[in-house]
Amino acid sequence: MMANKHLHELTKGIFKENPTFIIMLGMCPTLGVTTQVVNALGMSAGVLFVLLCSNVMISLLKNVIPDSVRIPAYVVVIASFVTIVEMVMHAFVPSVYKALGVYLPLIVVNCIILGRAEAFANKNTVLDSALDAIGMSIGFTLALTLIALIREVFGAGTITLIPIGDWDGVVSIPGLRTWPVRIMTLAAGALLLMGYLKAFFGWYSEKKQKRG
Amino acid sequence: MKTYFKVAGILGLICAVAAVILAWVNSVTAPKIAEYDQSQTLMALEAVSGGFDIGEKRFDDTSDTVSYIIPLTQNGKSAGYILELNATGYGGAMKLVASYDLAGEIIAVKMLSNSETPGIGKKSEDPSYMDKFIGTGGDGEVPTSKSQLSSDQAQAVSGATVTFTGISKALDYGSDYVRKQGGR
């Protein structure tokens, strides 16, 4: 029973309570960074680290933080973790820091992190909060990667991954590379695609519910 | 009243702990970051020097666009300049270094720091992005609007017009600025 509950906390974020498609949290970075697959992966990695640390820390401090100032307290905790990640990356892995650019500091205002602190971590145990963070991050990663993949393939005719050795990390798709649907990489394309995906996931989960 | 002090005290304590941790992390990482930034700038200067010898840096407080100028020499003779230029893009300030010959013609350009959108304005970091500016500024004008570009080049900057305009205006200003130096 107990193990089942833990498993539920881990898996619920992947589909049933997917932060992007179902709870609709963190729309701003979702629409902003998904121009290339590699950006989606980098953003997801940053979110995973910060969400895990902040969920654990807030769960630990849930009896210390007074209710009336909980939001400022969460913001301080989250902003501190983001700043630490930023400084450490800048000093030790400058190439990754450069690739993530403006999206690293943006994690502070990513509402998934504040949302999970408020809705979950301040009411649950450390273990469950950590599992919730991991599950939500996986859900976020899958959603972002899916959106980025569709946008990049149609909008630029490429799939940009992480460069390894001599390989520059770019997969070209013949045809679309020469004649891309450029609107997909622009803001309008992001909103358009988000609407279709949201409709698809709404339809799918309704169908599943009806079936039982 | 007592609860207010308690609440404020706890929030203050959380902030203080966070500040101490951040200060410690900063003290460890700051020297490494400074070292990295310096090596990056040096590499960028080497990359745009066009094989000329790099001279002494002179800061310019009178211009908002040019932060400093470095004379380039060949066999002791003045051959051109490197400028660090401040431009404004879609994501705010951008810094680039550009080298010019004495007539104000662009030899090479490299984007340094910027906060442009990845996949859109960030493409200006690709070395090939700056190709459209090289060789302009002397006899030919620096292209500052899309209509001055070939259709291929115009398509490459579409969607990132603000970045393009910011960069081209700074480069155009730099070209005039260099000509006014008169080989000094």
# chains A, B, ... in the order shown; residues from 1 in each chain; ligands from 1

call {"tool": "closest_atom_pairs", "arguments": {"of": "stretch 94-140 of chain A", "to": "stretch 40-57 of chain A", "cutoff": "8 Å", "atoms": "only C-alpha atoms", "output": "Markdown table"}}
result
| residue | atom | partner | partner_atom | distance |
| --- | --- | --- | --- | --- |
| A:Ala99 | CA | A:Gly42 | CA | 7.9 |
| A:Leu100 | CA | A:Gly42 | CA | 6.3 |
| A:Tyr103 | CA | A:Met43 | CA | 6.7 |
| A:Leu104 | CA | A:Gly46 | CA | 6.9 |
| A:Ile107 | CA | A:Val47 | CA | 6.6 |
| A:Ile113 | CA | A:Leu51 | CA | 5.5 |
| A:Arg116 | CA | A:Asn55 | CA | 7.3 |
| A:Ala117 | CA | A:Asn55 | CA | 5.8 |
| A:Ala121 | CA | A:Asn55 | CA | 5.4 |
| A:Val126 | CA | A:Val56 | CA | 5.5 |
| A:Leu127 | CA | A:Val56 | CA | 7.8 |
| A:Ser129 | CA | A:Asn55 | CA | 5.7 |
| A:Ala130 | CA | A:Leu52 | CA | 5.8 |
| A:Ala133 | CA | A:Leu52 | CA | 5.1 |
| A:Ile134 | CA | A:Leu52 | CA | 6.6 |
| A:Ser137 | CA | A:Leu48 | CA | 5.2 |
| A:Ile138 | CA | A:Leu48 | CA | 8.0 |
| A:Phe140 | CA | A:Ser44 | CA | 6.8 |

call {"tool": "write_last_selection", "arguments": {"atoms": "N, CA and C atoms", "output": "compact mmCIF listing (two decimals), in the first residue's frame"}}
result
# COMPACT_ATOMS: atom_id res chain seq x y z
N ALA A 99 25.07 27.63 -23.29
CA ALA A 99 23.97 27.08 -24.09
C ALA A 99 22.62 27.39 -23.45
N LEU A 100 22.56 27.37 -22.13
CA LEU A 100 21.28 27.59 -21.46
C LEU A 100 20.92 29.06 -21.41
N TYR A 103 17.73 31.12 -19.94
CA TYR A 103 16.73 30.22 -19.35
C TYR A 103 17.09 29.74 -17.96
N LEU A 104 18.37 29.79 -17.62
CA LEU A 104 18.78 29.39 -16.26
C LEU A 104 18.12 30.30 -15.22
N ILE A 107 14.38 29.94 -14.47
CA ILE A 107 13.84 28.84 -13.67
C ILE A 107 13.24 29.37 -12.36
N ILE A 113 7.86 25.02 -10.23
CA ILE A 113 8.64 24.86 -9.00
C ILE A 113 7.90 25.46 -7.81
N ARG A 116 4.66 23.36 -7.18
CA ARG A 116 4.85 22.09 -6.46
C ARG A 116 5.20 22.34 -5.00
N ALA A 117 5.95 23.41 -4.73
CA ALA A 117 6.28 23.74 -3.34
C ALA A 117 4.99 24.01 -2.58
N ALA A 121 4.91 19.99 -1.67
CA ALA A 121 6.03 19.78 -0.74
C ALA A 121 5.73 20.27 0.68
N VAL A 126 9.43 14.19 3.08
CA VAL A 126 10.59 14.48 2.22
C VAL A 126 10.66 13.50 1.06
N LEU A 127 10.46 12.21 1.37
CA LEU A 127 10.56 11.18 0.32
C LEU A 127 9.52 11.42 -0.77
N SER A 129 7.99 14.16 -1.49
CA SER A 129 8.27 15.40 -2.20
C SER A 129 9.36 15.20 -3.24
N ALA A 130 10.37 14.41 -2.88
CA ALA A 130 11.45 14.13 -3.83
C ALA A 130 10.91 13.35 -5.01
N ALA A 133 8.92 15.55 -7.23
CA ALA A 133 9.81 16.40 -8.04
C ALA A 133 10.35 15.64 -9.24
N ILE A 134 10.78 14.39 -8.99
CA ILE A 134 11.35 13.61 -10.09
C ILE A 134 10.28 13.32 -11.14
N SER A 137 9.37 16.42 -13.08
CA SER A 137 10.45 16.79 -14.01
C SER A 137 10.45 15.88 -15.23
N ILE A 138 10.18 14.58 -15.02
CA ILE A 138 10.14 13.68 -16.17
C ILE A 138 8.99 14.09 -17.10
N PHE A 140 7.66 17.04 -17.38
CA PHE A 140 8.05 18.31 -18.00
C PHE A 140 9.03 18.06 -19.15

call {"tool": "residues_around", "arguments": {"residues": "A:Val69", "least_positions_apart": "5", "cutoff": "10 Å", "atoms": "only C-alpha atoms", "output": "list in words"}}
result
Tyr74 of chain A; Val7, Ala8, Ile10 and Leu11 of chain B

call {"tool": "write_last_selection", "arguments": {"atoms": "C-alpha atoms", "output": "compact mmCIF listing (two decimals), in the first residue's frame"}}
result
# COMPACT_ATOMS: atom_id res chain seq x y z
CA TYR A 74 9.79 29.60 -1.01
CA VAL B 7 7.47 35.65 11.47
CA ALA B 8 9.85 38.42 10.41
CA ILE B 10 12.16 33.40 10.67
CA LEU B 11 12.00 34.95 7.20

call {"tool": "residues_around", "arguments": {"residues": "A:Val37", "least_positions_apart": "3", "cutoff": "8 Å", "atoms": "only C-alpha atoms", "output": "PyMOL selection string"}}
result
chain A and resi 34+40-41+145+148-149+152+159-161

call {"tool": "interface_residues", "arguments": {"of": "chain B", "to": "chain A", "cutoff": "10 Å", "atoms": "only C-alpha atoms", "output": "VMD selection string"}}
result
chain B and resid 3 to 4 6 to 8 10 to 12 14 to 15 17 to 19 21 to 26 28 to 37 91 113 to 120 122 155 158 to 160

call {"tool": "residues_around", "arguments": {"residues": "A:Leu176", "least_positions_apart": "3", "cutoff": "7 Å", "atoms": "only C-alpha atoms", "output": "VMD selection string"}}
result
chain A and resid 154 156 to 157 173 179 to 180

call {"tool": "write_last_selection", "arguments": {"atoms": "N, CA and C atoms", "output": "JSON list (two decimals), in the first residue's frame"}}
result
[["chain", "number", "residue", "atom", "x", "y", "z"],
["A", 154, "PHE", "N", 9.55, 20.62, -38.10],
["A", 154, "PHE", "CA", 8.76, 21.31, -39.11],
["A", 154, "PHE", "C", 9.28, 22.72, -39.39],
["A", 156, "ALA", "N", 12.42, 24.07, -38.82],
["A", 156, "ALA", "CA", 13.78, 24.27, -39.30],
["A", 156, "ALA", "C", 14.31, 23.08, -40.09],
["A", 157, "GLY", "N", 13.61, 21.95, -40.02],
["A", 157, "GLY", "CA", 14.06, 20.75, -40.74],
["A", 157, "GLY", "C", 15.27, 20.11, -40.11],
["A", 173, "ILE", "N", 16.74, 16.92, -41.77],
["A", 173, "ILE", "CA", 15.66, 16.18, -42.41],
["A", 173, "ILE", "C", 15.51, 16.71, -43.84],
["A", 179, "TRP", "N", 12.72, 23.53, -47.31],
["A", 179, "TRP", "CA", 11.43, 24.23, -47.30],
["A", 179, "TRP", "C", 10.76, 24.10, -45.94],
["A", 180, "PRO", "N", 11.31, 24.75, -44.92],
["A", 180, "PRO", "CA", 10.72, 24.61, -43.59],
["A", 180, "PRO", "C", 9.41, 25.40, -43.45]]

call {"tool": "select_by_dssp", "arguments": {"residues": "stretch 47-119 of chain A", "states": "alpha helix (DSSP H)", "output": "PyMOL selection string"}}
result
chain A and resi 47-60+70-92+94-100+103-106+111-116

call {"tool": "select_by_dssp", "arguments": {"residues": "stretch 71-172 of chain A", "states": "strand (DSSP E)", "output": "mmCIF file with C-alpha atoms, in the first residue's frame"}}
result
data_model
loop_
_atom_site.group_PDB
_atom_site.id
_atom_site.type_symbol
_atom_site.label_atom_id
_atom_site.label_comp_id
_atom_site.auth_asym_id
_atom_site.auth_seq_id
_atom_site.Cartn_x
_atom_site.Cartn_y
_atom_site.Cartn_z
ATOM 1 C CA THR A 158 16.635 19.763 -38.141
ATOM 2 C CA ILE A 159 16.900 17.982 -34.810
ATOM 3 C CA THR A 160 19.565 19.627 -32.665
ATOM 4 C CA VAL A 170 22.448 18.244 -35.726
ATOM 5 C CA VAL A 171 20.263 15.788 -37.641
ATOM 6 C CA SER A 172 18.978 17.211 -40.921
#

call {"tool": "closest_residue", "arguments": {"among": "A:Ala199, A:Ile58, A:Val75, A:Cys111", "to": "A:Asn124", "atoms": "only C-alpha atoms"}}
result
A:Ile58

call {"tool": "decode", "arguments": {"residues": "stretch 59-143 of chain B", "atoms": "C-alpha atoms", "output": "short mmCIF file (atom, residue, chain, number, x, y, z; two decimals), in the first residue's frame"}}
result
data_model
loop_
_atom_site.label_atom_id
_atom_site.label_comp_id
_atom_site.auth_asym_id
_atom_site.auth_seq_id
_atom_site.Cartn_x
_atom_site.Cartn_y
_atom_site.Cartn_z
CA PHE B 59 38.66 53.10 -23.37
CA ASP B 60 36.20 55.62 -24.76
CA ASP B 61 33.86 57.29 -22.24
CA THR B 62 32.41 59.70 -24.79
CA SER B 63 30.58 57.09 -26.87
CA ASP B 64 27.73 54.86 -25.72
CA THR B 65 28.26 52.41 -28.53
CA VAL B 66 32.05 51.97 -28.43
CA SER B 67 33.46 50.76 -25.10
CA TYR B 68 37.07 50.53 -26.20
CA ILE B 69 39.28 50.69 -29.27
CA ILE B 70 42.43 48.71 -29.98
CA PRO B 71 44.73 49.75 -32.83
CA LEU B 72 45.92 47.01 -35.17
CA THR B 73 49.38 47.30 -36.66
CA GLN B 74 51.47 45.51 -39.25
CA ASN B 75 55.26 45.97 -39.23
CA GLY B 76 54.78 48.97 -36.95
CA LYS B 77 52.34 50.65 -39.35
CA SER B 78 48.73 51.29 -38.48
CA ALA B 79 46.47 48.78 -40.26
CA GLY B 80 43.08 49.13 -38.61
CA TYR B 81 41.19 48.90 -35.35
CA ILE B 82 39.29 46.50 -33.16
CA LEU B 83 36.22 47.97 -31.46
CA GLU B 84 34.10 46.54 -28.71
CA LEU B 85 30.57 47.61 -29.57
CA ASN B 86 27.45 47.76 -27.43
CA ALA B 87 24.29 46.94 -29.33
CA THR B 88 20.68 46.45 -28.32
CA GLY B 89 18.92 43.25 -29.30
CA TYR B 90 15.62 41.60 -28.53
CA GLY B 91 16.85 40.32 -25.16
CA GLY B 92 18.59 43.56 -24.14
CA ALA B 93 22.27 44.50 -24.34
CA MET B 94 24.63 42.67 -26.68
CA LYS B 95 28.40 43.02 -26.84
CA LEU B 96 30.39 42.34 -29.97
CA VAL B 97 33.92 42.87 -31.15
CA ALA B 98 34.59 43.94 -34.71
CA SER B 99 37.76 44.73 -36.61
CA TYR B 100 37.92 47.37 -39.33
CA ASP B 101 40.60 48.48 -41.74
CA LEU B 102 41.56 52.17 -41.87
CA ALA B 103 38.84 52.91 -44.45
CA GLY B 104 36.19 51.55 -42.11
CA GLU B 105 35.69 48.26 -43.96
CA ILE B 106 34.73 45.38 -41.69
CA ILE B 107 37.37 42.62 -41.50
CA ALA B 108 35.74 40.31 -38.95
CA VAL B 109 32.99 40.36 -36.33
CA LYS B 110 32.35 38.17 -33.32
CA MET B 111 29.41 38.17 -30.94
CA LEU B 112 30.43 38.15 -27.28
CA SER B 113 27.67 38.31 -24.67
CA ASN B 114 23.97 38.49 -25.45
CA SER B 115 20.61 37.33 -24.14
CA GLU B 116 18.96 36.65 -27.47
CA THR B 117 16.42 33.89 -27.94
CA PRO B 118 18.05 30.50 -28.61
CA GLY B 119 17.29 29.27 -32.12
CA ILE B 120 16.29 32.77 -33.26
CA GLY B 121 18.45 35.79 -32.34
CA LYS B 122 21.06 33.50 -30.76
CA LYS B 123 21.96 32.34 -34.28
CA SER B 124 24.01 35.53 -34.47
CA GLU B 125 26.67 33.64 -32.49
CA ASP B 126 27.31 31.40 -35.51
CA PRO B 127 30.46 32.63 -37.28
CA SER B 128 28.63 32.43 -40.62
CA TYR B 129 25.99 34.93 -39.43
CA MET B 130 28.49 37.77 -39.63
CA ASP B 131 29.54 36.92 -43.22
CA LYS B 132 26.98 39.37 -44.62
CA PHE B 133 28.77 42.27 -42.92
CA ILE B 134 32.34 41.41 -43.86
CA GLY B 135 33.75 43.65 -46.56
CA THR B 136 31.07 46.29 -46.06
CA GLY B 137 31.49 49.70 -44.44
CA GLY B 138 34.30 50.91 -46.71
CA ASP B 139 33.11 51.50 -50.27
CA GLY B 140 29.83 49.63 -49.74
CA GLU B 141 27.39 50.56 -47.01
CA VAL B 142 26.89 48.33 -43.96
CA PRO B 143 23.49 46.69 -44.56
#
